[in-house]
Structure formats: C-alpha cells, structure tokens
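**Student:** My structure file data22.txt, compact mmCIF, C-alpha atoms, is below:
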```
# COMPACT_ATOMS: atom_id res chain seq x y z
CA MET L 481 140.86 156.01 37.68
CA GLN L 482 143.26 156.64 34.86
CA THR L 483 144.66 160.08 34.13
CA SER L 484 146.82 161.51 31.40
CA HIS L 485 149.65 162.50 33.70
CA GLN L 486 150.20 160.79 37.03
CA ILE L 487 153.15 160.69 39.40
CA ALA L 488 154.16 158.22 42.07
CA ILE L 489 154.10 159.42 45.65
CA GLU L 490 156.96 157.65 47.39
CA THR L 491 155.64 157.06 50.89
CA ALA L 492 159.01 155.47 51.66
CA SER L 493 160.35 159.04 51.97
CA LEU L 494 158.06 159.66 54.93
CA PRO L 495 159.38 159.19 58.49
CA GLY L 496 159.27 155.67 59.90
CA ASN L 497 156.73 156.54 62.59
CA VAL L 498 154.37 157.89 59.91
CA LEU L 499 154.64 154.68 57.90
CA GLU L 500 154.05 152.62 61.04
CA THR L 501 150.90 154.61 61.84
CA ALA L 502 149.65 154.18 58.27
CA ALA L 503 150.35 150.43 58.44
CA ARG L 504 148.35 150.12 61.68
CA GLN L 505 145.44 151.93 60.05
CA GLN L 506 145.57 149.53 57.11
CA ASP L 507 145.58 146.59 59.53
CA LYS L 508 142.45 147.93 61.23
CA ILE L 509 140.67 148.26 57.89
CA ALA L 510 141.61 144.70 56.93
CA ARG L 511 140.43 143.37 60.32
CA TYR L 512 137.01 144.99 59.96
CA LEU L 513 136.66 143.56 56.46
CA PHE L 514 137.58 140.12 57.80
CA GLU L 515 134.99 140.47 60.59
CA ILE L 516 132.36 141.33 57.96
CA SER L 517 133.24 138.19 56.01
CA CYS L 518 132.71 136.10 59.15
CA LEU L 519 129.19 137.41 59.82
CA SER L 520 126.40 134.85 59.70
CA GLY L 521 124.22 135.25 56.63
CA VAL L 522 126.85 136.78 54.36
CA SER L 523 127.40 133.75 52.15
CA ASP L 524 123.68 133.12 51.49
CA TRP L 525 122.49 136.73 51.40
CA MET L 526 121.23 136.54 47.79
CA THR L 527 118.67 133.89 48.74
CA ARG L 528 117.01 136.18 51.25
CA LYS L 529 118.08 139.52 49.71
CA CYS L 530 119.20 140.74 53.11
CA LEU L 531 122.44 141.22 55.01
CA PRO L 532 123.30 141.44 58.71
CA SER L 533 122.95 145.01 60.02
CA LEU L 534 126.56 144.73 61.19
CA PHE L 535 127.60 144.39 57.54
CA PHE L 536 126.69 148.02 56.89
CA LYS L 537 127.85 149.22 60.30
CA TYR L 538 131.28 147.63 59.88
CA PHE L 539 131.62 148.66 56.24
CA GLN L 540 130.90 152.24 57.26
CA LYS L 541 133.72 151.89 59.79
CA VAL L 542 135.99 150.56 57.01
CA ILE L 543 135.28 153.66 54.93
CA GLU L 544 135.78 155.99 57.89
CA LEU L 545 139.13 154.39 58.69
CA TYR L 546 140.18 154.61 55.05
CA ASP L 547 139.34 158.33 55.01
CA GLU L 548 141.27 158.84 58.24
CA SER L 549 144.28 157.09 56.72
CA ASP L 550 144.09 159.24 53.59
CA HIS L 551 143.73 162.47 55.56
CA TYR L 552 146.67 161.50 57.75
CA LEU L 553 148.92 160.71 54.78
CA ILE L 554 147.85 163.83 52.87
CA GLY L 555 148.72 165.92 55.92
CA GLN L 556 152.13 164.29 56.13
CA LEU L 557 152.74 164.76 52.40
CA ARG L 558 151.86 168.44 52.69
CA HIS L 559 154.29 168.68 55.59
CA GLN L 560 156.94 167.17 53.31
CA GLY L 561 156.29 169.88 50.72
CA PHE L 562 153.82 168.17 48.36
CA PRO L 563 151.20 170.83 47.46
CA VAL L 564 148.09 168.61 47.51
CA ARG L 565 145.41 170.93 46.13
CA CYS L 566 142.21 168.91 46.62
CA GLU L 567 139.52 170.33 48.91
CA PRO L 568 135.90 169.38 49.70
CA GLY L 569 133.49 170.65 47.06
CA CYS L 570 135.81 170.22 44.09
CA SER L 571 134.22 167.96 41.45
CA TYR L 572 136.53 168.38 38.45
CA CYS L 573 137.59 164.72 38.64
CA CYS L 574 133.97 163.52 38.81
CA CYS L 575 133.70 162.88 35.07
CA HIS L 576 135.97 159.83 35.22
CA MET L 577 134.38 156.39 35.14
CA PRO L 578 135.32 154.70 38.43
CA THR L 579 136.71 151.21 37.81
CA GLY L 580 138.29 148.55 39.97
CA ILE L 581 135.21 148.63 42.22
CA SER L 582 134.81 145.53 44.39
CA THR L 583 131.47 143.78 44.88
CA PRO L 584 131.28 144.81 48.59
CA GLU L 585 131.69 148.45 47.53
CA LEU L 586 128.98 148.10 44.89
CA ILE L 587 126.63 146.66 47.48
CA TYR L 588 127.38 149.59 49.79
CA ILE L 589 126.76 152.10 46.97
CA TYR L 590 123.48 150.36 46.09
CA TYR L 591 122.49 150.54 49.76
CA GLY L 592 123.29 154.27 49.73
CA MET L 593 121.30 154.82 46.54
CA HIS L 594 118.18 153.55 48.28
CA LYS L 595 118.92 155.40 51.53
CA SER L 596 119.11 158.65 49.57
CA GLY L 597 115.50 158.26 48.42
CA LEU L 598 116.63 159.03 44.87
CA PHE L 599 117.18 155.51 43.57
CA PRO L 600 115.03 155.84 40.38
CA ARG L 601 116.88 159.01 39.35
CA PHE L 602 120.30 157.48 40.00
CA PHE L 603 119.36 154.31 38.15
CA ARG L 604 118.32 156.26 35.04
CA ARG L 605 121.55 158.23 35.14
CA CYS L 606 123.58 155.03 35.47
CA LEU L 607 121.76 153.66 32.41
CA GLY L 608 122.79 156.75 30.44
CA ALA L 609 126.39 156.55 31.60
CA GLU L 610 126.55 152.82 30.80
CA GLU L 611 125.25 153.50 27.29
CA GLN L 612 128.01 156.05 26.70
CA TRP L 613 130.60 153.69 28.17
CA GLY L 614 129.37 150.82 25.99
CA GLU L 615 129.53 152.89 22.81
CA ILE L 616 133.12 153.94 23.51
CA LEU L 617 134.09 150.37 24.43
CA LYS L 618 132.54 149.04 21.22
CA ARG L 619 134.34 151.64 19.14
CA CYS L 620 137.71 150.92 20.76
CA SER L 621 137.22 147.15 20.55
CA TYR L 622 136.42 147.30 16.84
CA SER L 623 139.75 149.00 16.25
CA THR L 624 141.69 145.98 17.54
CA PRO L 625 142.05 142.47 16.07
CA GLY L 626 139.30 140.21 17.40
CA GLY L 627 137.71 143.05 19.36
CA ILE L 628 139.01 141.59 22.63
CA GLU L 629 139.07 143.91 25.63
CA SER L 630 142.56 144.35 27.03
CA ALA L 631 144.26 146.63 29.52
CA ASP L 632 145.18 148.96 26.66
CA ILE L 633 141.57 149.07 25.46
CA ARG L 634 140.33 149.71 29.00
CA GLU L 635 142.76 152.61 29.33
CA ALA L 636 141.66 154.02 25.96
CA VAL L 637 137.98 153.77 26.93
CA LEU L 638 138.65 155.48 30.26
CA ARG L 639 140.50 158.28 28.50
CA ASP L 640 137.81 158.78 25.84
CA TYR L 641 135.00 158.68 28.41
CA HIS L 642 136.81 161.29 30.52
CA ARG L 643 137.21 163.60 27.54
CA LEU L 644 133.46 163.56 26.90
CA GLN L 645 133.11 165.22 30.31
CA HIS L 646 129.99 163.37 31.46
CA ASP L 647 129.16 164.14 35.07
CA CYS L 648 129.04 161.19 37.43
CA PRO L 649 125.45 159.83 37.77
CA PHE L 650 125.58 160.82 41.44
CA LEU L 651 126.71 164.40 40.90
CA GLN L 652 124.26 167.27 41.27
CA GLN L 653 125.25 170.94 41.37
CA HIS L 654 128.89 169.85 41.80
CA LEU L 655 128.07 167.80 44.91
CA CYS L 656 128.08 164.01 45.26
CA GLN L 657 124.65 162.86 46.40
CA ILE L 658 125.98 159.58 47.84
CA TYR L 659 129.19 161.02 49.26
CA PRO L 660 129.33 158.78 52.38
CA TYR L 661 128.90 155.68 50.19
CA ARG L 662 131.25 156.53 47.31
CA PRO L 663 133.87 153.88 46.41
CA ILE L 664 137.56 153.85 47.24
CA ALA L 665 138.37 154.76 43.63
CA CYS L 666 136.76 158.16 44.27
CA ARG L 667 138.47 158.62 47.63
CA MET L 668 142.06 157.93 46.62
CA HIS L 669 142.37 160.47 43.77
CA PHE L 670 144.37 163.68 44.44
CA SER L 671 146.01 166.52 42.51
CA LEU L 672 149.21 168.50 42.97
CA SER L 673 148.36 171.01 40.24
CA SER L 674 145.56 173.57 40.15
CA PRO L 675 142.15 171.88 40.60
CA HIS L 676 140.93 173.62 37.44
CA TRP L 677 143.49 171.66 35.41
CA CYS L 678 141.57 168.48 36.24
CA ASN L 679 138.71 169.77 34.09
CA PRO L 680 138.95 167.78 30.80
CA SER L 681 138.21 170.92 28.78
CA HIS L 682 140.95 172.98 30.45
CA PHE L 683 143.83 173.74 28.12
CA GLN L 684 146.31 172.52 30.78
CA ASN L 685 144.53 169.24 31.47
CA ASP L 686 147.22 167.15 29.78
CA HIS L 687 149.75 168.68 32.17
CA ALA L 688 147.78 168.14 35.37
CA ILE L 689 149.76 166.28 38.03
CA ARG L 690 147.68 163.69 39.85
CA PHE L 691 148.26 160.69 42.08
CA ASN L 692 146.36 157.93 43.84
CA LEU L 693 146.69 156.83 47.46
CA GLU L 694 145.71 153.20 46.98
CA PRO L 695 144.88 150.83 49.83
CA GLY L 696 147.57 148.45 50.99
CA GLU L 697 147.86 144.83 49.93
CA LYS L 698 146.17 143.57 53.12
CA VAL L 699 143.09 145.67 52.38
CA PHE L 700 142.88 144.40 48.80
CA GLU L 701 143.21 140.81 50.04
CA ALA L 702 140.49 141.33 52.66
CA LEU L 703 138.15 142.85 50.07
CA GLN L 704 138.78 139.88 47.79
CA HIS L 705 138.07 137.46 50.64
CA LEU L 706 134.82 139.25 51.44
CA GLU L 707 133.85 139.20 47.76
CA THR L 708 134.39 135.43 47.73
CA ARG L 709 132.22 135.04 50.83
CA LEU L 710 129.44 137.04 49.17
CA CYS L 711 129.41 134.46 46.35
CA LEU L 712 128.97 137.21 43.78
CA LYS L 713 131.30 138.78 41.24
CA LEU L 714 130.03 141.93 39.52
CA SER L 715 131.63 144.08 36.85
CA ASP L 716 134.32 146.31 38.35
CA VAL L 717 133.10 149.24 36.20
CA MET L 718 130.90 151.22 38.59
CA VAL L 719 127.80 151.74 36.44
CA GLU L 720 127.96 148.24 34.93
CA GLY L 721 128.27 146.62 38.35
CA LEU L 722 125.44 148.72 39.79
CA LEU L 723 123.12 147.90 36.90
CA GLU L 724 123.89 144.17 37.24
CA LEU L 725 123.18 144.34 40.96
CA SER L 726 120.01 146.41 40.50
CA VAL L 727 118.43 144.41 37.68
CA ASN L 728 119.80 140.87 37.84
CA ILE L 729 120.29 140.38 41.58
CA MET L 730 118.05 142.72 43.60
CA LYS L 731 115.30 143.32 41.00
CA PHE L 732 115.39 146.97 42.18
CA ASP L 733 114.46 146.01 45.77
CA GLU L 734 116.24 147.55 48.72
CA ILE L 735 118.72 145.31 50.54
CA ARG L 736 117.14 144.57 53.91
CA SER L 737 119.25 144.45 57.04
CA ILE L 738 118.64 141.95 59.82
CA ASN L 739 119.97 141.80 63.37
```
Hey, can you dump this file as structure tokens for me?

**Tutor:**
Amino acid sequence: MQTSHQIAIETASLPGNVLETAARQQDKIARYLFEISCLSGVSDWMTRKCLPSLFFKYFQKVIELYDESDHYLIGQLRHQGFPVRCEPGCSYCCCHMPTGISTPELIYIYYGMHKSGLFPRFFRRCLGAEEQWGEILKRCSYSTPGGIESADIREAVLRDYHRLQHDCPFLQQHLCQIYPYRPIACRMHFSLSSPHWCNPSHFQNDHAIRFNLEPGEKVFEALQHLETRLCLKLSDVMVEGLLELSVNIMKFDEIRSIN
C-alpha cells in the first residue's frame, strides 16, 4: 500500500533480544512456507483444481505467525514510545488497493471467498473495483510517453484510487468479511496519527503518519519459492489477481482440498 506520508520504523533501535525473537518468528514463517512448497500435489494442482488439505492448514499457520510477529513488534514499539493508533474495527485504510500480493495469498483469499458463502457478491464487487482501477490506470498511462506502466505510474494510480474512497470489495459495515484470509499487505499497515486522518476525505489526510511492518527477506524468498512451485503467476494487484484466478484458472469453482 502506498500512502502520502510514510515514515520508517527503525527496528534496529529495539533491544537485541527483541530483534532475535522477531527473527525467530520470521524463520518459523519461512519454514512453514517451505513445507507447503514440498507438499505432494502442489506443482500440478491446476490440473486437478485441488490442493493438499495441509496447504490451507499450514498457510493458516503462516498467517497466524505473521500476526503474532506484528503484534509483538507493535507492543515493543509502543513500549519505545511510538504511539501506534490502530485498533480492531478501524477501516479507514480499507479504501487502498492492495498490491504486491503473491499468488499463494491470492489462492488463500479465493479459498476464503468460497468459505464465506458470499463468493458471487465478492466477485461482483471485485469486478467493480477492477473497472475503477483500470480506468485510472488507463488515464495515467495515457499521460506518459508510450503509455508504459512504471513504478511512478503505479504509485499515481494507487494514490488516485485511494482518493476516490472506494471501499474494499470485502468490506461491509466497516468490517472485513474475509478477515482471517486477508493478505499481508492489509496486515502490515499501521498509523501513528489519529485513525480519522487515514480517511482520504479528512482535511489532515496528507499529514497522516503511517508505516508498514513488512515481512523479512526470508519470508519473501519463501513466498517466491512457493509461487514457483505452484506454476502460476497472477497479477499482484488484488482484484486483478483474484479475477484472473476466478475466471481463467478456477472457472468459479471452489478449490478442493485432498488428504
């Protein structure tokens, strides 16, 4: 997620034992991801449209460990005097377009969409969000020579999409309907300023102070390895990737799990 005003949280200022604990948590996450990549049936899952049941069990553990790591670090940052203001139930940041989503995460979200029993509704909302995203992307691309998407264009599209204040397709009455399955991009975003400032229409939005607690390099490498094993590369823009998976790969069917 891109924001108008972000700061860097220097974890190096935290005590050594805290950093060691955080590193061990990252190692655990990476190990679980590696174990998932070694499961039988992962590399040919698209042929049968099913995955080992341990895929979802272990990926759930990955997410739980990531949340534990975040909660631990946030607690330590608060102890160091950083006034992290985010609390459960706040949805002011849920009008960003999550990007940088890996294929394993998209599969897990798709799995959660079906488990919710609301897949048709979520799919329609993703279609609407993708249409808005595409219009902004087209407009920004036309303003550059050759219309080639670049990092600058991506940042501009993210900023313009955010300003339109479209709720996430999975948001209903300020609550995420797939909360246990949401991607890392939604889990790592925090604010040091008033939560209300994260609202794009708030007059102080440009002065909001936000930061991301990104996964470590080992976790990114393990996710990339798992993506390679899945033999599938989807768009890293959440709604684009989900639509590709829904229409082109799964044909709207639920991903079956096998023992």

**Student:** Just want the 12 Å neighbourhood of L:Asp716, counted on all atoms listed in the file, with same-chain residues fewer than 5 positions away dropped. Output as a PDB file with C-alpha atoms, keeping the file's coordinate frame.

**Tutor:**
```pdb
ATOM      1  CA  MET L 481     140.860 156.010  37.680  1.00  0.00           C
ATOM      2  CA  MET L 577     134.380 156.390  35.140  1.00  0.00           C
ATOM      3  CA  PRO L 578     135.320 154.700  38.430  1.00  0.00           C
ATOM      4  CA  THR L 579     136.710 151.210  37.810  1.00  0.00           C
ATOM      5  CA  GLY L 580     138.290 148.550  39.970  1.00  0.00           C
ATOM      6  CA  ILE L 581     135.210 148.630  42.220  1.00  0.00           C
ATOM      7  CA  SER L 582     134.810 145.530  44.390  1.00  0.00           C
ATOM      8  CA  THR L 583     131.470 143.780  44.880  1.00  0.00           C
ATOM      9  CA  PRO L 584     131.280 144.810  48.590  1.00  0.00           C
ATOM     10  CA  GLU L 585     131.690 148.450  47.530  1.00  0.00           C
ATOM     11  CA  LEU L 586     128.980 148.100  44.890  1.00  0.00           C
ATOM     12  CA  ILE L 587     126.630 146.660  47.480  1.00  0.00           C
ATOM     13  CA  ARG L 634     140.330 149.710  29.000  1.00  0.00           C
ATOM     14  CA  PRO L 663     133.870 153.880  46.410  1.00  0.00           C
ATOM     15  CA  ALA L 665     138.370 154.760  43.630  1.00  0.00           C
ATOM     16  CA  GLU L 707     133.850 139.200  47.760  1.00  0.00           C
ATOM     17  CA  GLY L 721     128.270 146.620  38.350  1.00  0.00           C
ATOM     18  CA  LEU L 722     125.440 148.720  39.790  1.00  0.00           C
ATOM     19  CA  LEU L 723     123.120 147.900  36.900  1.00  0.00           C
ATOM     20  CA  GLU L 724     123.890 144.170  37.240  1.00  0.00           C
ATOM     21  CA  LEU L 725     123.180 144.340  40.960  1.00  0.00           C
TER      22      LEU L 725
END
```

**Student:** I want to know what sits within 12 Å of stretch 511-513 of chain L, based on only C-alpha atoms, with residues of the same chain fewer than 3 positions away left out; could you give that as a PyMOL selection string?

**Tutor:** chain L and resi 504-508+516-519+534-546+584-585+698-707+709

**Student:** Determine, counting all atoms listed in the file, which protein, DNA and RNA residues have an atom within 12 Å of an atom of stretch 732-738 of chain L; residues of the same chain fewer than 2 positions away are not included. Present the result as JSON, numbers by chain.

**Tutor:** {"L": [519, 520, 521, 522, 525, 526, 527, 528, 529, 530, 531, 532, 533, 534, 535, 536, 537, 587, 588, 589, 590, 591, 592, 593, 594, 595, 596, 597, 599, 600, 602, 603, 722, 723, 724, 725, 726, 727, 728, 729, 730]}

**Student:** As a list in words, please: the residues near L:Leu499 (cut-off 12 Å, only C-alpha atoms, same-chain neighbours under 3 positions excluded).

**Tutor:**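 The contact residues come out as Glu490, Thr491, Ala492, Ser493, Leu494, Pro495, Gly496, Ala502, Ala503, Arg504, Gln505, Gln506, Ser549, Tyr552, Leu553, Gln556, Leu557 and Gly696 of chain L.
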
**Student:** For the selection you just gave me, I'd like the residues written to a file as a CSV table (one decimal), in the coordinates of the input, keeping C-alpha atoms.

**Tutor:**
```csv
chain,number,residue,atom,x,y,z
L,490,GLU,CA,157.0,157.6,47.4
L,491,THR,CA,155.6,157.1,50.9
L,492,ALA,CA,159.0,155.5,51.7
L,493,SER,CA,160.4,159.0,52.0
L,494,LEU,CA,158.1,159.7,54.9
L,495,PRO,CA,159.4,159.2,58.5
L,496,GLY,CA,159.3,155.7,59.9
L,502,ALA,CA,149.6,154.2,58.3
L,503,ALA,CA,150.4,150.4,58.4
L,504,ARG,CA,148.4,150.1,61.7
L,505,GLN,CA,145.4,151.9,60.0
L,506,GLN,CA,145.6,149.5,57.1
L,549,SER,CA,144.3,157.1,56.7
L,552,TYR,CA,146.7,161.5,57.8
L,553,LEU,CA,148.9,160.7,54.8
L,556,GLN,CA,152.1,164.3,56.1
L,557,LEU,CA,152.7,164.8,52.4
L,696,GLY,CA,147.6,148.4,51.0
```

**Student:** Choose the residue, out of L:Leu710, L:Asn692, L:Ser671, L:Gly608, that has the smallest atom-to-atom separation from L:Cys566; count all atoms listed in the file.

**Tutor:**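 Checking each candidate against L:Cys566, we get L:Ser671 as the closest.
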
**Student:** What lies within 10 Å of L:Arg605 using only C-alpha atoms, ignoring chain neighbours under 5 positions off, as an mmCIF file with C-alpha atoms, in the frame of the given file?

**Tutor:**
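Contents of the output file out.cif:
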```cif
data_model
loop_
_atom_site.group_PDB
_atom_site.id
_atom_site.type_symbol
_atom_site.label_atom_id
_atom_site.label_comp_id
_atom_site.auth_asym_id
_atom_site.auth_seq_id
_atom_site.Cartn_x
_atom_site.Cartn_y
_atom_site.Cartn_z
ATOM 1 C CA PHE L 599 117.180 155.510 43.570
ATOM 2 C CA PRO L 600 115.030 155.840 40.380
ATOM 3 C CA GLU L 610 126.550 152.820 30.800
ATOM 4 C CA GLU L 611 125.250 153.500 27.290
ATOM 5 C CA ASP L 647 129.160 164.140 35.070
ATOM 6 C CA CYS L 648 129.040 161.190 37.430
ATOM 7 C CA PRO L 649 125.450 159.830 37.770
ATOM 8 C CA PHE L 650 125.580 160.820 41.440
ATOM 9 C CA LEU L 651 126.710 164.400 40.900
ATOM 10 C CA VAL L 719 127.800 151.740 36.440
#
```

**Student:** Let me have the centre and edge lengths of the axis-aligned box enclosing all listed atoms of stretch 717-736 of chain L with 5 Å padding on every side, in Å to one decimal, as JSON.

**Tutor:**
```
{"center_x": 123.8, "center_y": 146.1, "center_z": 44.4, "size_x": 28.6, "size_y": 21.4, "size_z": 29.0}
```

**Student:** Choose the residue, out of L:Leu714, L:Leu655, L:Leu672, L:Ile616, that has the smallest atom-to-atom separation from L:Ala636; count only C-alpha atoms.

**Tutor:**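 That would be L:Ile616, the residue with the smallest distance to L:Ala636.
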
**Student:** Select, from L:Gln560, L:Arg643, L:Glu548, L:Gln652, the residue with the minimum atom-to-atom distance to L:Ile509, counting only C-alpha atoms.

**Tutor:**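 Under the stated criterion, the closest residue is L:Glu548.
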
**Student:** Any idea what the distance is between atom CA of L:Tyr641 and atom CA of L:His576?

**Tutor:**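 Computed distance, atom CA of L:Tyr641 to atom CA of L:His576, equals 7.0 Å.
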
**Student:** Could you tell me how far atom CA of L:Asn739 lies from atom CA of L:Met718, in Å and to one decimal?

**Tutor:**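 Distance between the two atoms: 28.7 Å.
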